[in-house]
Protein chains: 2
Amino acid sequence: MSWDNAASISALLTLEDIAKAARAPPKPDAPTPVLALSAQARSKGYDLVCLPLTTENWKKRWTEMCLLPSGVDLDADMAAEKRAEAWRAKPNFLLDEVTITQLEEAEGVTALISEWLELDAADDWVRHDAEIALQQELAYASYLNIQTAILPPPRSREYVSSYARIVNACLKNSPYMHLSIRLPIYNPSVLENHLPSIPSPPLTGGLLPGSPTPSTPRLVIPDDRGSEATSVNLDATWEMWDVIRSICDYSTRLSLTLDLTPPLPVKSGFLSKWKAEAIRHLFLPSSTFIANTKGYPVLPKGTQSFIRESMTASILCHRPVVILAGANLGLHSMGGELAYSQYLRHLEKTSPAVQAAQTSGTVENFAQGYQDYLQAPLQPLMDNLQSVTYQTFEQDPVKYHNYEEAIFQALVDWPGEETIILCVAGAGRGPLVARSLSAIERSGRDAFVYAVEKNPNAYITLQGRKEAEWGDRVTLIFGDMRFIEVPEEADILISELLGSFGDNELSPECLDGAMRFLKSDGISIPSSYTAHLAPLQSSKLYNEARAGKDEKKRGDALCGHVPGCEPAFWGWWGARMGDADRRYKNAGSLNIREGMRCWTSGLGFHSPIAITRVRQSWISLSRTLEYSSDGLAGYFEAVLYGNIGLSIHPHRKDRISKDMLSWFPLFFPFKEPLYLPSNSELKVSIWRLTNQRQVWYEWHAEAFMNVVGAPLTDSDVPMPSPRSANGGGSLFGSPSPARSPSPFVDGNDSAFERRSFRRESVELGGGSRLIKIGHTSLHNPGGRSSWIGL
Amino acid sequence: MSWDNAASISALLTLEDIAKAARAPPKPDAPTPVLALSAQARSKGYDLVCLPLTTENWKKRWTEMCLLPSGVDLDADMAAEKRAEAWRAKPNFLLDEVTITQLEEAEGVTALISEWLELDAADDWVRHDAEIALQQELAYASYLNIQTAILPPPRSREYVSSYARIVNACLKNSPYMHLSIRLPIYNPSVLENHLPSIPSPPLTGGLLPGSPTPSTPRLVIPDDRGSEATSVNLDATWEMWDVIRSICDYSTRLSLTLDLTPPLPVKSGFLSKWKAEAIRHLFLPSSTFIANTKGYPVLPKGTQSFIRESMTASILCHRPVVILAGANLGLHSMGGELAYSQYLRHLEKTSPAVQAAQTSGTVENFAQGYQDYLQAPLQPLMDNLQSVTYQTFEQDPVKYHNYEEAIFQALVDWPGEETIILCVAGAGRGPLVARSLSAIERSGRDAFVYAVEKNPNAYITLQGRKEAEWGDRVTLIFGDMRFIEVPEEADILISELLGSFGDNELSPECLDGAMRFLKSDGISIPSSYTAHLAPLQSSKLYNEARAGKDEKKRGDALCGHVPGCEPAFWGWWGARMGDADRRYKNAGSLNIREGMRCWTSGLGFHSPIAITRVRQSWISLSRTLEYSSDGLAGYFEAVLYGNIGLSIHPHRKDRISKDMLSWFPLFFPFKEPLYLPSNSELKVSIWRLTNQRQVWYEWHAEAFMNVVGAPLTDSDVPMPSPRSANGGGSLFGSPSPARSPSPFVDGNDSAFERRSFRRESVELGGGSRLIKIGHTSLHNPGGRSSWIGL
């Protein structure tokens with residue numbers, strides 16, 4: 001396979017496999033059964049093997065010591081208890097209780113911890129002794145230099161905190177070991193007694209709590225669109241995982257082994273949240289495969305798409321290892337043992353995301369270099385960028401194309417026959433100057449370009465290009481656009497100061513100054529831009545934001561590709577902005593091209609007011625699936641001219657500026673994740689604040705639950721508004737601002753509109769109300785490490 | 001007044017008062033109106049004065065600049081905007097815009113910030129300019145060395161986060177200023193248009209958002225027991241306060257000025273949560289007073305009891321200043337201006353809590369020395385206590401009395417005529433030895449006492465007392481009770497190793513050893529003890545727990561008096577313990593005097609199992625009022641013998657061991673407060689953990705909301721329990737343990753029982769379900785600063 005990032009496949013070896021290998025005559029190059037099986041697996045193309053660490057002998061001894069007092073033979077019970085006490089004081093294995101004894105055997109091995117250990121047993125002593133046994137197994141695995149151990153799944157929602165506490169203690173006691181928690185992808189009790197009749201491989205049953213007897217083979221595939229199956233909690237296993245990882249303080253050595261044994265729905269909306277989690281392994285038994293018409297094993301559509309989508313995440317972030325179980329059981333008539341892994345490799349190779357990643361010019365391809373860390377956003381006002389930085393951004397195939405189109409259209413639309421004056425504010429190394437000239441040529445209009453740049457180093461490049469390429473069609477002006485004077489006012493002002501969140505690279509402050517040299521009826525490209533927010537679940541980003549030892553950096557907004565935040569993942573985009581600005585409403589005589597609403601910046605008019613200082617927004621978002629929000633993702637969308645724009649809005653970017661590479665979303669981390677149950681609403685307050693030296697954001701979120709049918713007793717009586725003339729809105733009761741016309745609002749954004757509508761009807765309709773259930777801290781107060789650039 | 005901790009009373013001066021004083025001829029010793037008024041207030045017995053910092057002139061200028069563009073006269077608007085811009089760049093007052101200009105005038109003054117500032121206006125610019133004005137006023141107050149400023153109340157639930165963000169910025173910008181937030185004690189919209197017709201003093205209206213016109217004077221006193229008024233949100237103002245203080249990160253320079261203008265219900269259950277908050281001022285207008293039969297002003301019963309209860313808190317923690325407004329308005333026919341403050345002093349003096357604090361021997365009196373800090377619990381096993389520590393605890397008038405009674409009863413009940421062997425395990429300086437001898441004398445039984453003590457210093461004292469007082473009736477044994485041998489086994493083993501949480505001073509570890517020398521049919525005093533937990537709301541304790549710069553100390557359980565945690569405050573005590581221990585159930589041959597349940601320790605039997613290692617509990621607590629839990633309070637209750645016990649359980653301590661001083665509750669802090677809406681349940685997991693060197697607790701909490709009438713879609717399908725024989729309980733579904741008989745359980749603890757019952761019926765009845773809404777971190781993992789003593 002040409003692509004070297006291919007997913008790894010691990011073969012699951014069972015105790016039976018090992019017993020069978022032990023019966024075969026030993027080979028000189030693989031003198032033990034495990035070595036023989038490992039060599040065999042490698043020869044079959046597996047990357048790794050996964051096997052149980054302990055044997056049935058250990059289970060027998062532990063059970064007799066710790067689990068089975070007869071209650072009849074008191075002496076025997078006392079003797080067992082004495083043995084148990086001795087073991088508790090000095091836990092140890094006997095030789096025949098473990099599968100591996102040599103370092104060589106342990107190489108490339110992922111260890112399965114004894115699946116019968118009940119860390120969340122209701123019985124105090126079972127739990128207590130299970131914890132000792134677990135610590136003992138992990139200590140032995142550490143001794144053998146095994147890197148990763150897979151723990152048996154939690155079985156009880158009631159006692160999952162106990163399971164989690166033990167895992168946390170183990171993470172501390174085994175500082176180099178990675179622990180992976182087995183969990184079925186959804187609550188399998190949904191399917192209890194309705195499982196397919198295909199027999200599971202021996203160990204698989206253990207991965208599925210309940211080991212259901214395959215008695216009544218009626219296959220019920222759950223569906224997230226209102227079928228009967230949704231009336232039970234599909235999210236129960238996710239909720240358990242959420243408890244475990246939070247009790248383990250989001251340890252980076254803790255991950256998931258997601259069991260794909262249960263049948264998956266084709267529409268896997270409710271499963272998509274898993275993609276934001278640290279999935280280290282996907283457990284896949286051969287019994288989950290179905291036979292295609294030729295008899296070869298293939299996966300059901302739902303499982304196919306889940307694995308494909310996991311591989312999308314894997315490209316950008318973490319690649320789960322597929323643990324293939326029971327491939328040697330011969331469950332399918334064609335293809336033999338190798339057919340399963342071959343099929344998986346085929347799935348991966350034909351995944352659109354993998355193909356995109358292998359195609360240069362795509363975001364997926366571009367993002368591979370940036371996948372694993374958060375970056376501090378650029379500060380082009382404070383810092384003079386390096387030439388290599390300009391070069392990186394100039395490679396964007398889409399952004400400058402769209403700019404040229406916008407300039408072209410503006411030129412074509414410009415009335416009259418006089419020379420049109422263009423001004424590029426912030427020319428950098430000149431890409432927009434070149435695009436302007438190209439647009440001028442194409443339009444056939446008579447036009448002239450001023451290029452303003454404050455970076456003295458880039459200004460050298462500009463001078464070189466003027467001499468070599470542009471000649472008299474361009475005049476260069478050296479200086480800061482906020483303070484310089486230009487020879488004449490511009491008809492069209494072109495700038496590219498936008499950050500991932502629109503105004504986070506100080507475009508308002510800069511453009512506020514540059515607007516001085518735009519004619520009062522001039523055109524600004526971009527003509528407006530809007531910031532968007534969405535709550536985000538991503539353990540990885542959360543951990544990374546926390547990991548910064550620099551206390552300053554931790555609270556700040558950071559820029560990074562957000563792999564978990566794919567459109568499918570948070571398909572519940574909906575925002576309600578704060579009230580429109582009275583000032584602007586009253587400023588009827590000003591040339592406002594676009595209705596100002598909070599957090600949208602309309603450009604291209606002379607404003608006597610520093611528009612940059614009052615930015616504040618309240619956004620309410622609702623969703624139906626439970627969720628833990630680690631922070632907010634920030635996006636921008638800009639109207640360049642007419643219906644030409646730039647967008648990183650996950651729902652619209654492909655329509656507006658597909659494959660644009662220049663911006664990754666911004667991440668506004670929370671200090672602690674905010675838990676959001678199903679049917680909750682998140683109310684985000686975000687402020688853009690300035691003083692004489694700095695610009696920064698502060699943010700805060702409150703969670704509410706939408707309780708239907710509950711009596712009206714709480715939180716829903718508005719406070720009196722003594723000055724309704726000035727505002728003084730009530731709880732969630734301020735009128736929605738008139739939506740400003742935008743070339744992008746219509747079209748496939750109906751989810752947004754529908755949500756808004758639903759939201760309001762819920763408010764107005766009786767019998768449902770919002771009850772506050774939690775909040776975050778205020779983040780980044782005082783803007784400790786904000787953009788200094790004024 | 002003899003008691004020197006009397007509450008302070010502050011006189012509210014209005015702008016009218018100042019204007020009136022300005023018209024009087026200046027006196028040489030009080031040359032300005034404010035100085036004259038201050039002197040006058042002092043002469044009338046007020047401790048402080050409180051006055052508006054700014055005049056109507058400032059309001060007029062600010063309003064004209066920032067609030068009133070005509071929209072018609074564009075030039076005038078532009079001019080106003082220019083003045084506003086100049087002011088924004090350099091905010092300043094003119095002389096006639098402030099009430100105070102001299103340092104002397106500012107002495108003892110609490111400043112009222114301009115009440116018309118809308119920090120939570122819906123309009124971005126009003127908010128923006130109000131923030132600048134607020135910063136300006138605070139800067140001026142700082143210049144005048146004013147220590148405390150009272151801010152106008154938030155008016156909008158919608159924008160309260162904005163209000164809070166501004167307050168937080170002000171706390172940072174004015175590092176020595178204390179800010180106090182005006183808030184009505186409950187949502188006054190409950191009473192909108194139903195306010196009493198008594199006119200409010202000029203400034204009072206401003207304290208009550210809404211300044212309702214007193215048109216229809218129909219007084220509706222809200223009641224928390226199901227009246228109509230409870231159908232609106234009385235807690236709305238508390239919810240706003242909760243947002244403000246959390247956004248301000250629980251700053252110790254932030255407090256409340258609680259406005260008592262609205263009429264208060266006699267049963268003030270829903271108001272009691274305020275008592276746990278940092279109330280710095282109580283605002284009380286003369287219009288709230290009613291006339292008694294003689295025409296003198298007195299307070300309505302509800303307000304009376306709230307003020308009295310606030311003074312209870314004040315004794316132990318923080319004393320609010322009462323700001324008396326409009327005493328000079330002559331609203332009442334008798335008593336004149338002084339009648340109001342005299343009445344308040346009378347209320348305070350006759351408050352039961354104040355009287356108790358002035359009576360030696362009461363907890364209130366004793367606690368005065370310990371009121372303001374959290375202590376690390378004693379570690380008597382690791383440390384050899386000082387003589388002075390013993391002395392402090394020996395002063396307890398109740399504890400040793402109850403011990404003597406228990407020993408006396410045990411002696412009386414002891415069968416047979418032989419000499420009864422008593423053993424005091426951990427004799428300290430000998431109080432229990434003396435009480436044993438006294439009980440022996442009273443009982444007329446033939447008995448002998450062994451006294452075991454490991455502290456070599458206390459052993460000196462014991463030798464002295466034996467020589468001087470006890471003689472041959474006592475044999476001293478020097479050594480650690482876990483390891484020593486005694487000459488003969490005891491009939492009655494007496495110990496006092498209990499900590500605030502029962503087992504937190506290592507009593508299980510010590511007694512496990514000491515049980516060796518108790519006869520198999522012997523009596524242990526205490527015979528059992530039980531730990532209890534309750535969630536706690538106390539900004540003060542939370543802040544104190546956080547303030548420890550020592551990272552180690554922060555996460556740990558701390559011991560301290562918990563003023564906010566009075567029984568009335570959390571009258572919703574209810575606990576459900578984990579499952580009973582299978583081992584003990586099966587240990588039928590052992591002499592178990594009391595059914596073991598998790599977290600209750602039955603003593604007095606020989607156990608082959610180290611009972612100390614498996615302590616874990618899950619407790620569910622429900623309540624109806626919304627709430628923010630800062631941590632857990634831990635209590636213990638011990639059965640000494642028969643129906644004699646010791647208890648710090650808030651509901652039962654007065655019945656079992658009234659005025660016992662030796663134990664303050666334990667506080668288990670959360671890292672971040674956990675928000676609990678009304679009708680929520682808190683599920684606490686707590687573990688007592690041990691290793692070879694340490695004993696520590698870890699704890700974790702999850703919040704659930706009880707949603708009635710919602711469709712069954714979530715979280716309520718139990719996970720399968722593959723091994724139901726061993727437990728494997730489902731979500732909240734484990735069977736309740738059989739309640740063990742206790743002499744204290746019956747009686748007035750019916751709330752406990754009722755809760756439990758209600759809780760279960762809700763589970764079983766259809767149509768209601770628990771939805772998870774939040775959780776805390778795991779606290780104190782690894783027991784960083786736990787008790788080292790094994």
# chains A, B, ... in the order shown; residues from 1 in each chain; ligands from 1
>>> residues_around(residues="Ala19 (chain B)", least_positions_apart="4", cutoff="12 Å", atoms="only C-alpha atoms", output="list in words")
Leu13, Thr14, Leu15, Arg23, Ala24, Thr32, Pro33, Val34, Ala36, Leu37, Thr55, Glu56 and Thr99 of chain B
>>> atom_distance(atom1="CA of Ala638 (chain B)", atom2="CA of Pro526 (chain B)")
6.5 Å
>>> atom_distance(atom1="CA of Tyr163 (chain A)", atom2="CA of Pro781 (chain B)")
13.7 Å
>>> closest_residue(among="A:Ile421, A:Ile773, A:Leu144, A:Leu117", to="chain B", atoms="only C-alpha atoms")
A:Ile773
>>> residues_around(residues="Glu489 (chain B)", least_positions_apart="5", cutoff="7 Å", atoms="only C-alpha atoms", output="list in words")
Phe517, Leu518 and Lys519 of chain B
>>> residues_around(residues="Ala141 (chain A)", least_positions_apart="6", cutoff="8 Å", atoms="only C-alpha atoms", output="list in words")
Leu53, Ala111, Gln147 and Ala149 of chain A
>>> write_last_selection(atoms="N, CA, C and O atoms", output="PDB file, in the first residue's frame")
ATOM      1  N   LEU A  53      -3.879 -12.020  29.026  1.00  0.00           N
ATOM      2  CA  LEU A  53      -2.648 -12.120  29.788  1.00  0.00           C
ATOM      3  C   LEU A  53      -2.668 -13.322  30.720  1.00  0.00           C
ATOM      4  O   LEU A  53      -1.626 -13.879  31.042  1.00  0.00           O
ATOM      5  N   ALA A 111      -2.173  -6.478  25.738  1.00  0.00           N
ATOM      6  CA  ALA A 111      -2.643  -7.471  26.708  1.00  0.00           C
ATOM      7  C   ALA A 111      -4.106  -7.235  27.051  1.00  0.00           C
ATOM      8  O   ALA A 111      -4.533  -6.105  27.302  1.00  0.00           O
ATOM      9  N   GLN A 147       2.995  -2.351  26.457  1.00  0.00           N
ATOM     10  CA  GLN A 147       2.701  -0.921  26.481  1.00  0.00           C
ATOM     11  C   GLN A 147       1.227  -0.629  26.762  1.00  0.00           C
ATOM     12  O   GLN A 147       0.889   0.395  27.338  1.00  0.00           O
ATOM     13  N   ALA A 149      -2.706  -2.125  27.812  1.00  0.00           N
ATOM     14  CA  ALA A 149      -3.563  -3.179  28.351  1.00  0.00           C
ATOM     15  C   ALA A 149      -5.019  -2.778  28.137  1.00  0.00           C
ATOM     16  O   ALA A 149      -5.388  -1.610  28.306  1.00  0.00           O
TER      17      ALA A 149
END
>>> atom_distance(atom1="CA of Gly326 (chain B)", atom2="CA of Ile9 (chain B)")
13.2 Å
>>> closest_residue(among="B:Arg88, B:Leu51, B:Asp96, B:Arg652", to="Ser114 (chain B)", atoms="only C-alpha atoms")
B:Leu51
>>> select_by_dssp(residues="region 495-543 of chain A", states="alpha helix (DSSP H)", output="list in words")
Ser507, Pro508, Glu509, Cys510, Leu511, Asp512, Gly513, Ala514, Ser539, Lys540, Leu541, Tyr542 and Asn543 of chain A
>>> closest_residue(among="B:Thr54, B:Asn168, B:Thr392, B:Ser251", to="chain A", atoms="only C-alpha atoms")
B:Asn168
>>> residues_around(residues="Gly479 (chain A)", least_positions_apart="5", cutoff="8 Å", atoms="only C-alpha atoms", output="list in words")
Val452, Glu453, Lys454, Asn455 and Ile484 of chain A
>>> residues_around(residues="region 627-633 of chain B", least_positions_apart="2", cutoff="6 Å", atoms="only C-alpha atoms", output="JSON, numbers by chain")
{"B": [533, 534, 535, 536, 537, 542, 666, 667, 668, 669, 670, 673, 674, 675, 676]}
